[in-house]
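Q: This one is work_22.cif, mmCIF, C-alpha atoms.
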data_query
#
loop_
_atom_site.label_atom_id
_atom_site.label_comp_id
_atom_site.auth_asym_id
_atom_site.auth_seq_id
_atom_site.Cartn_x
_atom_site.Cartn_y
_atom_site.Cartn_z
CA MET A 1 -10.47 0.28 -49.33
CA SER A 2 -8.84 -2.74 -50.78
CA ASP A 3 -7.97 -4.25 -47.40
CA ASN A 4 -11.63 -4.24 -46.36
CA LYS A 5 -12.61 -6.37 -49.31
CA GLN A 6 -13.29 -10.01 -48.70
CA ASN A 7 -10.41 -12.18 -49.62
CA PRO A 8 -11.38 -15.72 -50.72
CA ALA A 9 -7.86 -17.08 -50.29
CA LEU A 10 -7.68 -15.78 -46.71
CA GLU A 11 -11.19 -17.02 -45.90
CA GLN A 12 -10.26 -20.44 -47.14
CA MET A 13 -7.00 -20.45 -45.21
CA ILE A 14 -8.52 -19.67 -41.80
CA GLY A 15 -11.83 -21.40 -42.49
CA LYS A 16 -14.07 -18.43 -41.61
CA PRO A 17 -16.25 -16.79 -44.24
CA GLY A 18 -16.60 -13.01 -44.35
CA VAL A 19 -13.23 -12.25 -42.78
CA THR A 20 -11.42 -9.27 -44.23
CA ARG A 21 -7.71 -8.69 -44.15
CA ARG A 22 -8.27 -5.94 -41.56
CA ASP A 23 -10.24 -8.29 -39.26
CA PHE A 24 -7.50 -10.88 -39.59
CA LEU A 25 -4.72 -8.40 -38.75
CA ASN A 26 -6.74 -6.92 -35.85
CA GLU A 27 -7.35 -10.33 -34.33
CA ILE A 28 -3.80 -11.52 -34.74
CA THR A 29 -2.46 -8.27 -33.25
CA LEU A 30 -4.83 -8.43 -30.26
CA GLY A 31 -3.92 -12.09 -29.78
CA ALA A 32 -0.21 -11.33 -29.85
CA LEU A 33 -0.67 -8.47 -27.36
CA GLY A 34 -2.72 -10.77 -25.12
CA VAL A 35 -0.02 -13.44 -25.16
CA ALA A 36 2.66 -10.83 -24.46
CA GLY A 37 0.56 -9.39 -21.63
CA LEU A 38 0.01 -12.78 -20.01
CA GLY A 39 3.68 -13.62 -20.38
CA GLY A 40 4.67 -10.27 -18.93
CA THR A 41 2.40 -10.81 -15.94
CA ALA A 42 3.85 -14.27 -15.33
CA LEU A 43 7.44 -12.99 -15.63
CA THR A 44 6.68 -10.10 -13.25
CA TYR A 45 5.18 -12.49 -10.72
CA GLN A 46 8.27 -14.70 -10.95
CA TYR A 47 10.55 -11.68 -10.60
CA PHE A 48 8.78 -10.61 -7.41
CA SER A 49 8.97 -14.09 -5.82
CA PRO A 50 12.50 -14.34 -4.40
CA ASN A 51 14.32 -17.65 -4.91
CA VAL A 52 16.86 -17.14 -2.14
CA LEU A 53 15.69 -15.92 1.25
CA PHE A 54 17.98 -14.49 3.88
CA GLU A 55 15.77 -15.73 6.66
CA PRO A 56 16.61 -18.00 9.62
CA SER A 57 16.87 -21.67 8.62
CA SER A 58 13.62 -23.55 9.04
CA THR A 59 15.40 -26.63 10.43
CA PHE A 60 17.17 -26.28 13.77
CA ARG A 61 18.66 -28.38 16.55
CA ALA A 62 17.02 -28.13 19.93
CA GLY A 63 19.83 -29.78 21.92
CA ASN A 64 20.03 -32.97 23.96
CA PRO A 65 16.66 -34.47 25.02
CA ASP A 66 17.91 -34.57 28.63
CA LEU A 67 17.72 -30.76 28.69
CA TYR A 68 13.95 -31.04 28.92
CA SER A 69 12.33 -32.48 32.03
CA VAL A 70 9.23 -34.67 31.80
CA ASN A 71 5.95 -32.71 31.74
CA SER A 72 7.61 -29.45 30.75
CA VAL A 73 6.95 -26.78 28.12
CA THR A 74 10.05 -24.91 26.95
CA PHE A 75 9.82 -21.79 24.79
CA LEU A 76 12.68 -21.42 22.29
CA GLN A 77 12.67 -17.68 21.68
CA ASP A 78 14.94 -17.65 18.62
CA GLN A 79 12.86 -20.25 16.80
CA LEU A 80 9.39 -19.34 18.13
CA VAL A 81 8.69 -22.98 18.99
CA TYR A 82 7.61 -24.78 22.18
CA ILE A 83 9.35 -28.08 22.93
CA VAL A 84 6.85 -30.07 24.98
CA ARG A 85 7.93 -33.21 26.83
CA THR A 86 5.22 -35.48 28.17
CA ASP A 87 5.35 -38.99 29.62
CA ALA A 88 4.94 -40.30 26.09
CA GLY A 89 7.74 -38.25 24.54
CA PHE A 90 8.46 -35.01 22.65
CA TYR A 91 6.57 -32.79 20.31
CA ALA A 92 7.22 -29.31 18.90
CA VAL A 93 4.40 -26.73 18.78
CA SER A 94 4.53 -23.43 16.91
CA ALA A 95 4.52 -20.34 19.14
CA VAL A 96 3.05 -18.15 16.36
CA CYS A 97 -0.65 -17.50 16.88
CA THR A 98 -2.78 -18.75 13.99
CA HIS A 99 -4.96 -15.65 14.22
CA LEU A 100 -2.68 -12.84 13.02
CA GLY A 101 0.84 -14.05 13.70
CA CYS A 102 1.62 -12.65 17.15
CA ILE A 103 4.01 -14.55 19.44
CA THR A 104 2.16 -16.51 22.14
CA GLN A 105 3.44 -17.14 25.65
CA TRP A 106 3.40 -20.24 27.84
CA LYS A 107 1.65 -19.47 31.15
CA PRO A 108 2.71 -22.23 33.57
CA GLU A 109 0.44 -20.94 36.36
CA ALA A 110 -2.64 -21.23 34.13
CA ASN A 111 -1.30 -24.32 32.29
CA MET A 112 -1.98 -22.84 28.87
CA ILE A 113 -0.49 -20.93 25.94
CA ALA A 114 -1.89 -17.39 25.63
CA CYS A 115 -1.63 -14.77 22.88
CA PRO A 116 -1.16 -11.16 24.08
CA CYS A 117 -2.64 -9.56 20.95
CA HIS A 118 -6.26 -10.69 20.77
CA GLY A 119 -6.58 -13.13 23.69
CA SER A 120 -6.51 -16.53 21.99
CA LYS A 121 -5.75 -19.35 24.45
CA PHE A 122 -4.43 -22.83 23.67
CA HIS A 123 -3.67 -26.09 25.48
CA ARG A 124 -0.02 -27.15 25.53
CA ASP A 125 -0.73 -29.48 22.60
CA GLY A 126 -1.89 -26.50 20.53
CA LYS A 127 -5.65 -27.14 20.77
CA LYS A 128 -7.63 -23.92 21.03
CA ILE A 129 -9.36 -23.16 24.32
CA GLU A 130 -10.89 -19.84 23.30
CA GLY A 131 -10.32 -16.67 21.30
CA PRO A 132 -10.33 -15.61 17.64
CA ALA A 133 -7.64 -18.07 16.43
CA PRO A 134 -9.15 -20.05 13.52
CA ARG A 135 -6.88 -23.12 13.83
CA PRO A 136 -4.92 -24.95 16.54
CA LEU A 137 -1.18 -24.24 16.80
CA PRO A 138 0.54 -26.58 14.31
CA HIS A 139 2.95 -29.33 15.35
CA TYR A 140 6.32 -29.38 13.57
CA ALA A 141 8.21 -32.50 12.52
CA ILE A 142 10.67 -33.49 15.26
CA ASN A 143 13.28 -36.27 15.23
CA LEU A 144 16.62 -37.27 16.67
CA THR A 145 19.86 -36.64 14.80
CA ALA A 146 22.55 -39.32 14.50
CA ASP A 147 24.40 -37.81 17.43
CA GLY A 148 21.31 -37.88 19.63
CA GLU A 149 20.05 -34.28 19.49
CA LEU A 150 16.50 -33.12 18.89
CA GLN A 151 15.91 -31.61 15.46
CA VAL A 152 12.83 -29.65 14.40
CA ASN A 153 11.76 -28.86 10.82
CA LYS A 154 9.40 -25.87 10.74
CA LEU A 155 8.49 -26.37 7.07
CA GLU A 156 6.88 -29.73 7.83
CA THR A 157 3.75 -29.84 9.97
CA ILE A 158 2.65 -33.20 11.35
CA LYS A 159 -0.51 -34.55 12.96
CA PRO A 160 -0.80 -33.58 16.63
CA ASP A 161 -1.05 -37.20 17.79
CA LYS A 162 2.46 -37.98 16.53
CA VAL A 163 4.93 -37.95 19.41
CA LEU A 164 8.67 -38.62 19.34
CA ARG A 165 9.23 -41.48 21.82
CA ALA A 166 11.98 -40.70 24.25
CA MET B 1 7.47 54.74 -7.04
CA ALA B 2 4.31 52.85 -7.91
CA THR B 3 4.26 54.34 -11.39
CA THR B 4 7.91 53.46 -11.96
CA PHE B 5 7.12 49.88 -11.01
CA GLN B 6 4.05 49.86 -13.26
CA THR B 7 6.06 51.20 -16.18
CA ALA B 8 8.77 48.63 -15.59
CA LEU B 9 6.15 45.86 -15.54
CA GLU B 10 4.55 47.15 -18.73
CA ASN B 11 7.95 47.32 -20.39
CA LEU B 12 8.63 43.77 -19.21
CA ARG B 13 5.38 42.61 -20.80
CA THR B 14 6.50 43.87 -24.18
CA THR B 15 9.73 41.88 -24.10
CA ARG B 16 10.12 38.81 -26.27
CA VAL B 17 10.93 36.56 -23.27
CA TRP B 18 7.72 37.47 -21.44
CA LYS B 19 5.63 36.99 -24.57
CA SER B 20 7.22 33.63 -25.28
CA ILE B 21 6.26 32.44 -21.76
CA PHE B 22 2.74 33.86 -21.45
CA ARG B 23 1.71 34.12 -25.12
CA ARG B 24 -1.22 36.45 -24.44
CA GLY B 25 -1.99 40.06 -23.64
CA PRO B 26 -2.86 41.37 -20.18
CA ALA B 27 -5.80 39.52 -18.53
CA ILE B 28 -8.30 42.33 -18.79
CA THR B 29 -11.11 40.77 -20.81
CA ASN B 30 -12.97 37.50 -20.15
CA ARG B 31 -11.29 36.04 -23.21
CA THR B 32 -7.74 36.84 -22.12
CA ARG B 33 -8.54 35.75 -18.56
CA SER B 34 -9.72 32.39 -19.88
CA LEU B 35 -6.63 32.14 -22.06
CA ALA B 36 -4.48 32.73 -18.97
CA VAL B 37 -5.90 29.55 -17.46
CA PHE B 38 -6.14 27.48 -20.66
CA GLY B 39 -2.58 28.26 -21.71
CA ASN B 40 -0.97 27.28 -18.41
CA LEU B 41 -0.12 23.64 -17.74
CA PHE B 42 -0.48 24.10 -13.98
CA LEU B 43 -3.82 25.90 -14.19
CA HIS B 44 -5.53 24.28 -17.15
CA TRP B 45 -7.20 21.59 -15.05
CA LEU B 46 -8.81 24.22 -12.87
CA PRO B 47 -12.13 25.76 -13.92
CA VAL B 48 -11.82 28.88 -16.02
CA LYS B 49 -14.91 30.27 -14.34
CA VAL B 50 -16.36 29.40 -10.94
CA ARG B 51 -19.65 30.23 -9.33
CA GLU B 52 -19.16 32.58 -6.43
CA LYS B 53 -21.09 30.33 -4.07
CA SER B 54 -18.77 27.42 -4.67
CA LEU B 55 -15.94 29.52 -3.25
CA ARG B 56 -17.69 29.92 0.10
CA VAL B 57 -16.12 28.09 3.03
CA ARG B 58 -19.35 26.19 3.65
CA ALA B 59 -19.44 24.88 0.07
CA ALA B 60 -16.86 22.19 0.81
CA TYR B 61 -14.84 23.52 3.76
CA TYR B 62 -11.87 23.38 1.36
CA LEU B 63 -11.44 19.74 2.45
CA GLY B 64 -10.19 18.56 -0.95
CA SER B 65 -7.79 21.49 -1.32
CA LEU B 66 -6.52 20.93 2.23
CA SER B 67 -5.94 17.26 1.42
CA LEU B 68 -3.94 18.34 -1.64
CA LEU B 69 -1.99 20.82 0.50
CA LEU B 70 -1.16 18.04 2.97
CA PHE B 71 -0.13 15.77 0.09
CA ILE B 72 2.30 18.46 -1.15
CA ILE B 73 3.66 18.94 2.40
CA LEU B 74 4.12 15.16 2.69
CA VAL B 75 5.95 14.97 -0.65
CA VAL B 76 8.31 17.82 0.32
CA THR B 77 9.05 16.55 3.85
CA GLY B 78 9.23 12.96 2.59
CA VAL B 79 11.84 13.83 -0.05
CA LEU B 80 13.87 15.65 2.63
CA LEU B 81 13.67 12.61 4.96
CA MET B 82 14.92 10.39 2.11
CA PHE B 83 18.29 12.18 2.25
CA TYR B 84 19.03 10.53 5.62
CA TYR B 85 17.09 7.26 5.42
CA HIS B 86 18.39 3.86 4.28
CA PRO B 87 15.67 1.25 3.70
CA ALA B 88 17.82 -1.51 5.18
CA VAL B 89 18.10 -3.56 8.37
CA PRO B 90 19.25 -2.33 10.88
CA ASN B 91 20.03 1.13 9.38
CA ALA B 92 16.37 2.10 9.01
CA TYR B 93 15.70 2.20 12.75
CA HIS B 94 18.99 3.98 13.47
CA ASP B 95 18.34 6.55 10.73
CA MET B 96 14.93 7.25 12.22
CA LYS B 97 16.56 7.72 15.65
CA ASP B 98 19.24 9.93 14.09
CA LEU B 99 16.58 12.05 12.44
CA ARG B 100 15.02 12.56 15.86
CA PHE B 101 18.12 13.18 17.95
CA VAL B 102 21.13 13.97 15.74
CA VAL B 103 20.11 15.67 12.49
CA SER B 104 19.39 19.42 12.78
CA ASN B 105 15.64 20.01 12.56
CA GLY B 106 15.24 16.33 11.71
CA VAL B 107 12.68 15.82 14.45
CA PHE B 108 10.65 18.72 13.02
CA LEU B 109 10.61 17.24 9.52
CA ARG B 110 9.89 13.72 10.74
CA ASN B 111 7.01 14.85 12.92
CA MET B 112 5.67 17.07 10.16
CA HIS B 113 5.64 14.03 7.87
CA ARG B 114 4.20 11.72 10.54
CA ILE B 115 1.51 14.05 11.88
CA GLY B 116 0.77 15.32 8.36
CA ALA B 117 0.13 11.73 7.30
CA HIS B 118 -2.27 11.16 10.19
CA LEU B 119 -4.06 14.41 9.35
CA MET B 120 -4.28 13.51 5.67
CA VAL B 121 -6.06 10.23 6.45
CA LEU B 122 -8.44 12.19 8.71
CA LEU B 123 -9.07 14.92 6.12
CA VAL B 124 -9.54 12.53 3.21
CA PHE B 125 -12.15 10.62 5.22
CA TRP B 126 -13.78 13.88 6.27
CA HIS B 127 -13.82 15.01 2.62
CA MET B 128 -15.44 11.71 1.62
CA PHE B 129 -18.12 11.96 4.30
CA HIS B 130 -18.83 15.58 3.34
CA VAL B 131 -19.18 14.69 -0.35
CA PHE B 132 -21.33 11.70 0.53
CA TYR B 133 -23.76 13.58 2.76
CA ARG B 134 -23.98 16.42 0.22
CA GLY B 135 -24.92 13.86 -2.44
CA GLY B 136 -21.78 14.75 -4.38
CA TYR B 137 -21.59 11.21 -5.74
CA LYS B 138 -24.79 11.65 -7.78
CA PRO B 139 -24.78 12.22 -11.55
CA PRO B 140 -22.82 13.72 -13.20
CA HIS B 141 -20.23 13.18 -10.46
CA GLU B 142 -20.28 9.36 -10.28
CA PHE B 143 -17.00 8.94 -12.12
CA ASN B 144 -15.22 11.44 -9.91
CA TRP B 145 -16.64 9.73 -6.81
CA VAL B 146 -14.97 6.50 -7.94
CA VAL B 147 -11.71 8.37 -8.59
CA GLY B 148 -12.07 9.73 -5.05
CA VAL B 149 -12.49 6.22 -3.64
CA VAL B 150 -9.29 5.21 -5.46
CA LEU B 151 -7.55 8.22 -3.88
CA LEU B 152 -8.83 7.19 -0.44
CA LEU B 153 -7.36 3.70 -0.96
CA LEU B 154 -4.08 5.20 -2.19
CA THR B 155 -3.97 7.39 0.94
CA LEU B 156 -4.50 4.33 3.14
CA PHE B 157 -1.86 2.29 1.27
CA LEU B 158 0.61 5.19 1.52
CA SER B 159 -0.12 5.44 5.23
CA TYR B 160 0.29 1.68 5.72
CA THR B 161 3.53 1.35 3.72
CA GLY B 162 4.99 4.36 5.53
CA TYR B 163 4.11 2.80 8.87
CA LEU B 164 6.76 0.06 8.38
CA LEU B 165 9.63 2.41 7.55
CA PRO B 166 10.68 3.42 11.13
CA TRP B 167 11.36 -0.31 11.61
CA ASP B 168 10.38 -0.32 15.28
CA GLN B 169 8.25 -2.81 17.20
CA LEU B 170 5.02 -0.98 16.35
CA ALA B 171 5.88 -1.06 12.63
CA PHE B 172 6.97 -4.69 12.67
CA TRP B 173 3.86 -6.02 14.41
CA ALA B 174 1.44 -3.79 12.51
CA VAL B 175 2.76 -5.17 9.23
CA THR B 176 2.97 -8.75 10.57
CA VAL B 177 -0.69 -8.57 11.55
CA GLY B 178 -1.72 -6.67 8.41
CA THR B 179 -0.07 -9.06 5.98
CA ASN B 180 -1.49 -12.04 7.86
CA ILE B 181 -4.89 -10.59 7.00
CA ILE B 182 -3.85 -10.92 3.31
CA SER B 183 -3.11 -14.62 3.80
CA ALA B 184 -6.70 -15.16 4.95
CA MET B 185 -7.70 -14.75 1.27
CA PRO B 186 -8.78 -18.14 -0.08
CA ILE B 187 -6.34 -20.12 -2.26
CA ILE B 188 -3.98 -17.30 -3.31
CA GLY B 189 -3.69 -15.66 0.15
CA SER B 190 -0.34 -17.06 1.25
CA LYS B 191 1.16 -16.53 -2.23
CA VAL B 192 0.08 -12.88 -2.27
CA ARG B 193 1.56 -12.41 1.21
CA PHE B 194 4.83 -14.02 0.08
CA VAL B 195 5.09 -11.67 -2.90
CA ALA B 196 4.06 -8.61 -0.85
CA LEU B 197 6.72 -9.32 1.78
CA GLY B 198 9.33 -10.87 -0.52
CA GLY B 199 9.60 -13.72 1.99
CA ASN B 200 7.82 -15.52 4.78
CA ILE B 201 8.58 -13.00 7.52
CA VAL B 202 8.61 -9.20 7.72
CA GLY B 203 12.30 -8.76 6.93
CA GLU B 204 14.67 -6.75 4.80
CA ASN B 205 12.89 -7.57 1.53
CA ALA B 206 9.58 -6.41 2.98
CA LEU B 207 11.13 -3.14 4.16
CA LEU B 208 12.59 -2.44 0.72
CA ARG B 209 9.34 -3.34 -1.06
CA PHE B 210 7.27 -1.12 1.20
CA TYR B 211 9.82 1.67 0.75
CA VAL B 212 9.69 1.55 -3.05
CA LEU B 213 5.88 1.46 -2.95
CA HIS B 214 5.84 4.35 -0.46
CA VAL B 215 8.26 6.72 -2.21
CA VAL B 216 7.77 5.94 -5.91
CA ILE B 217 4.81 3.87 -7.04
CA LEU B 218 2.00 5.03 -4.76
CA PRO B 219 2.90 8.79 -4.92
CA LEU B 220 3.04 8.65 -8.73
CA LEU B 221 -0.37 6.94 -8.83
CA ALA B 222 -1.67 9.51 -6.35
CA PHE B 223 -0.40 12.40 -8.54
CA LEU B 224 -2.10 10.86 -11.57
CA PHE B 225 -5.44 10.37 -9.83
CA ILE B 226 -5.32 13.78 -8.10
CA GLY B 227 -4.84 15.34 -11.55
CA VAL B 228 -7.84 13.47 -12.96
CA HIS B 229 -9.89 14.27 -9.83
CA PHE B 230 -9.36 18.05 -10.04
CA TRP B 231 -9.76 18.17 -13.82
CA ARG B 232 -12.99 16.20 -13.56
CA VAL B 233 -14.45 18.60 -10.97
CA GLN B 234 -14.23 21.24 -13.67
CA LYS B 235 -15.61 19.00 -16.43
CA ASP B 236 -18.58 17.97 -14.27
CA GLY B 237 -19.56 21.59 -13.74
CA GLY B 238 -17.87 22.53 -10.50
CA LEU B 239 -18.57 21.65 -6.90
CA THR B 240 -21.89 20.27 -5.78
CA VAL B 241 -23.60 23.13 -4.05
CA ARG B 242 -26.56 22.47 -1.78
CA SER B 243 -29.85 23.73 -3.16
CA LYS B 244 -30.36 25.62 0.13
CA ASP B 245 -27.27 27.65 -0.73
CA ASP B 246 -28.50 28.14 -4.26
CA ASP B 247 -29.70 31.71 -4.34
CA GLY B 248 -30.58 31.53 -8.02
CA LYS B 249 -27.59 33.63 -9.03
CA ASN B 250 -24.73 32.10 -10.88
#
Could you show the structure in this file as structure tokens?

A:
Amino acid sequence: MSDNKQNPALEQMIGKPGVTRRDFLNEITLGALGVAGLGGTALTYQYFSPNVLFEPSSTFRAGNPDLYSVNSVTFLQDQLVYIVRTDAGFYAVSAVCTHLGCITQWKPEANMIACPCHGSKFHRDGKKIEGPAPRPLPHYAINLTADGELQVNKLETIKPDKVLRA
Amino acid sequence: MATTFQTALENLRTTRVWKSIFRRGPAITNRTRSLAVFGNLFLHWLPVKVREKSLRVRAAYYLGSLSLLLFIILVVTGVLLMFYYHPAVPNAYHDMKDLRFVVSNGVFLRNMHRIGAHLMVLLVFWHMFHVFYRGGYKPPHEFNWVVGVVLLLLTLFLSYTGYLLPWDQLAFWAVTVGTNIISAMPIIGSKVRFVALGGNIVGENALLRFYVLHVVILPLLAFLFIGVHFWRVQKDGGLTVRSKDDDGKN
């Protein structure tokens, strides 16, 4: 087999002694297939990650601050967010349980947020009281628009000690 | 009458069409009986010869065959359900309701598919436990045990993807909770959930993805692995029969 014979020119070119033409072609073919496989995997992953989502907007207006009385917790059902007003001001807390994504409920009589699925309980500032939830309920960025309405951005979580002064 | 029928059958066997399909003589010797199995695409992955004791009910309680039977029932009823089902929001829920209350015999087919799916999960688990306690995973059956585990996972994935399709509250929350379990994976968890759902919430993309997995990808994989599983039973020398049942005869 002529292609199994050692080829000095080839050995010199790729700097490895003892490489036959067959070894060279095998390696280059495997390498090309590997590159194509990796590229194919990356392209498939990109294809399956949608660029445009037909989901509700993550930023929403929560109306005039006067709608909320001091020391109140208001559940916005469409947005799954609590607007909490304290003496210090406003903050927005997620209503989605950090355990497995169920929708929690504000229980005014018990002064806490409770999850119906697996019994996690939270303070109104999102701190966990008990239950399987691994993290406190996150606080979303909240600010005032130019025309004086509350605006919440659910893509941006902020530290729980940040409060919008009212 | 019987002889007329016999003569007609024998005449049929001499025709060119019959010979071109079966390509062998009548199955009267061991050789021609074997050829009948070897030469048939649908039979060739079954054993040509089985030990009598492996045909007894107590050998395996036919659990694997019953799982296959349920799989075939699920494919047939599932294809029939597809004629009325749109994997879209809000059509999916309405189509499911229509199947129950409007379409003739729709409720029968839907329940056959639904209850059949529950039974299949039960039977596949039962089959696994039976094989496990009989030691059916031991050499030379280790490979087929692994194929069986893959089939168990495929059954569970089929069951889970099908659970979303009625698009009711139960479906929505089951998949919300289930995919949040995915996002508990370190580092890549939330990315995998995003790709599995095609978004951040269980919405129209998720329904379509689960539908395609449920009706095309997972059934094809299941067919492939079922084929290997049955063929391998034969190659590994038939069912595992308990030594207590082994009466020394083959």

Q: On this structure, which residues satisfy the PyMOL selection byres ((chain B and resi 212) around 12), written as a PyMOL selection string?

A: chain B and resi 82+86-88+158+161-162+164-165+196+205-211+213-220

Q: Taking 2 positions as the minimum chain separation for residues in the same chain, which residues sit within 9 Å of Ala60 in chain B when counting all atoms listed in the file? Answer as a CSV table (one decimal) with C-alpha atoms, keeping the file's coordinate frame.

A:
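Result file is around-v9.csv:
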chain,number,residue,atom,x,y,z
B,54,SER,CA,-18.8,27.4,-4.7
B,55,LEU,CA,-15.9,29.5,-3.2
B,56,ARG,CA,-17.7,29.9,0.1
B,57,VAL,CA,-16.1,28.1,3.0
B,58,ARG,CA,-19.4,26.2,3.6
B,62,TYR,CA,-11.9,23.4,1.4
B,63,LEU,CA,-11.4,19.7,2.4
B,64,GLY,CA,-10.2,18.6,-1.0
B,127,HIS,CA,-13.8,15.0,2.6
B,130,HIS,CA,-18.8,15.6,3.3
B,131,VAL,CA,-19.2,14.7,-0.4
B,239,LEU,CA,-18.6,21.6,-6.9
B,240,THR,CA,-21.9,20.3,-5.8
B,241,VAL,CA,-23.6,23.1,-4.0

Q: Just want the 6 Å neighbourhood of Ser94 in chain A, counted on all atoms listed in the file, with same-chain residues fewer than 2 positions away dropped. Output as a VMD selection string.

A: chain A and resid 81 96 137 to 138

Q: Quick one, how far is CA of Leu224 in chain B from CA of Phe22 in chain B?

A: 25.5 Å

Q: Mind listing as a list in words which residues of chain B are within 7 Å of chain A, counting all atoms listed in the file?

A: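 On the chain B side, the interface is Thr176, Val177, Asn180, Ile181, Val195, Gly198 and Gly199 of chain B.
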
Q: To one decimal in Å, tell me the separation between CA of Lys191 in chain B and CA of Pro90 in chain B.

A: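 Calculated distance between CA of Lys191 in chain B and CA of Pro90 in chain B is 26.5 Å.
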
Q: When you count all atoms listed in the file, which of these residues is closest to Asn30 in chain B: B:Ile182, B:Val48, B:Val146, B:Val228?

A: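 Selected residue with least distance to Asn30 in chain B: B:Val48.
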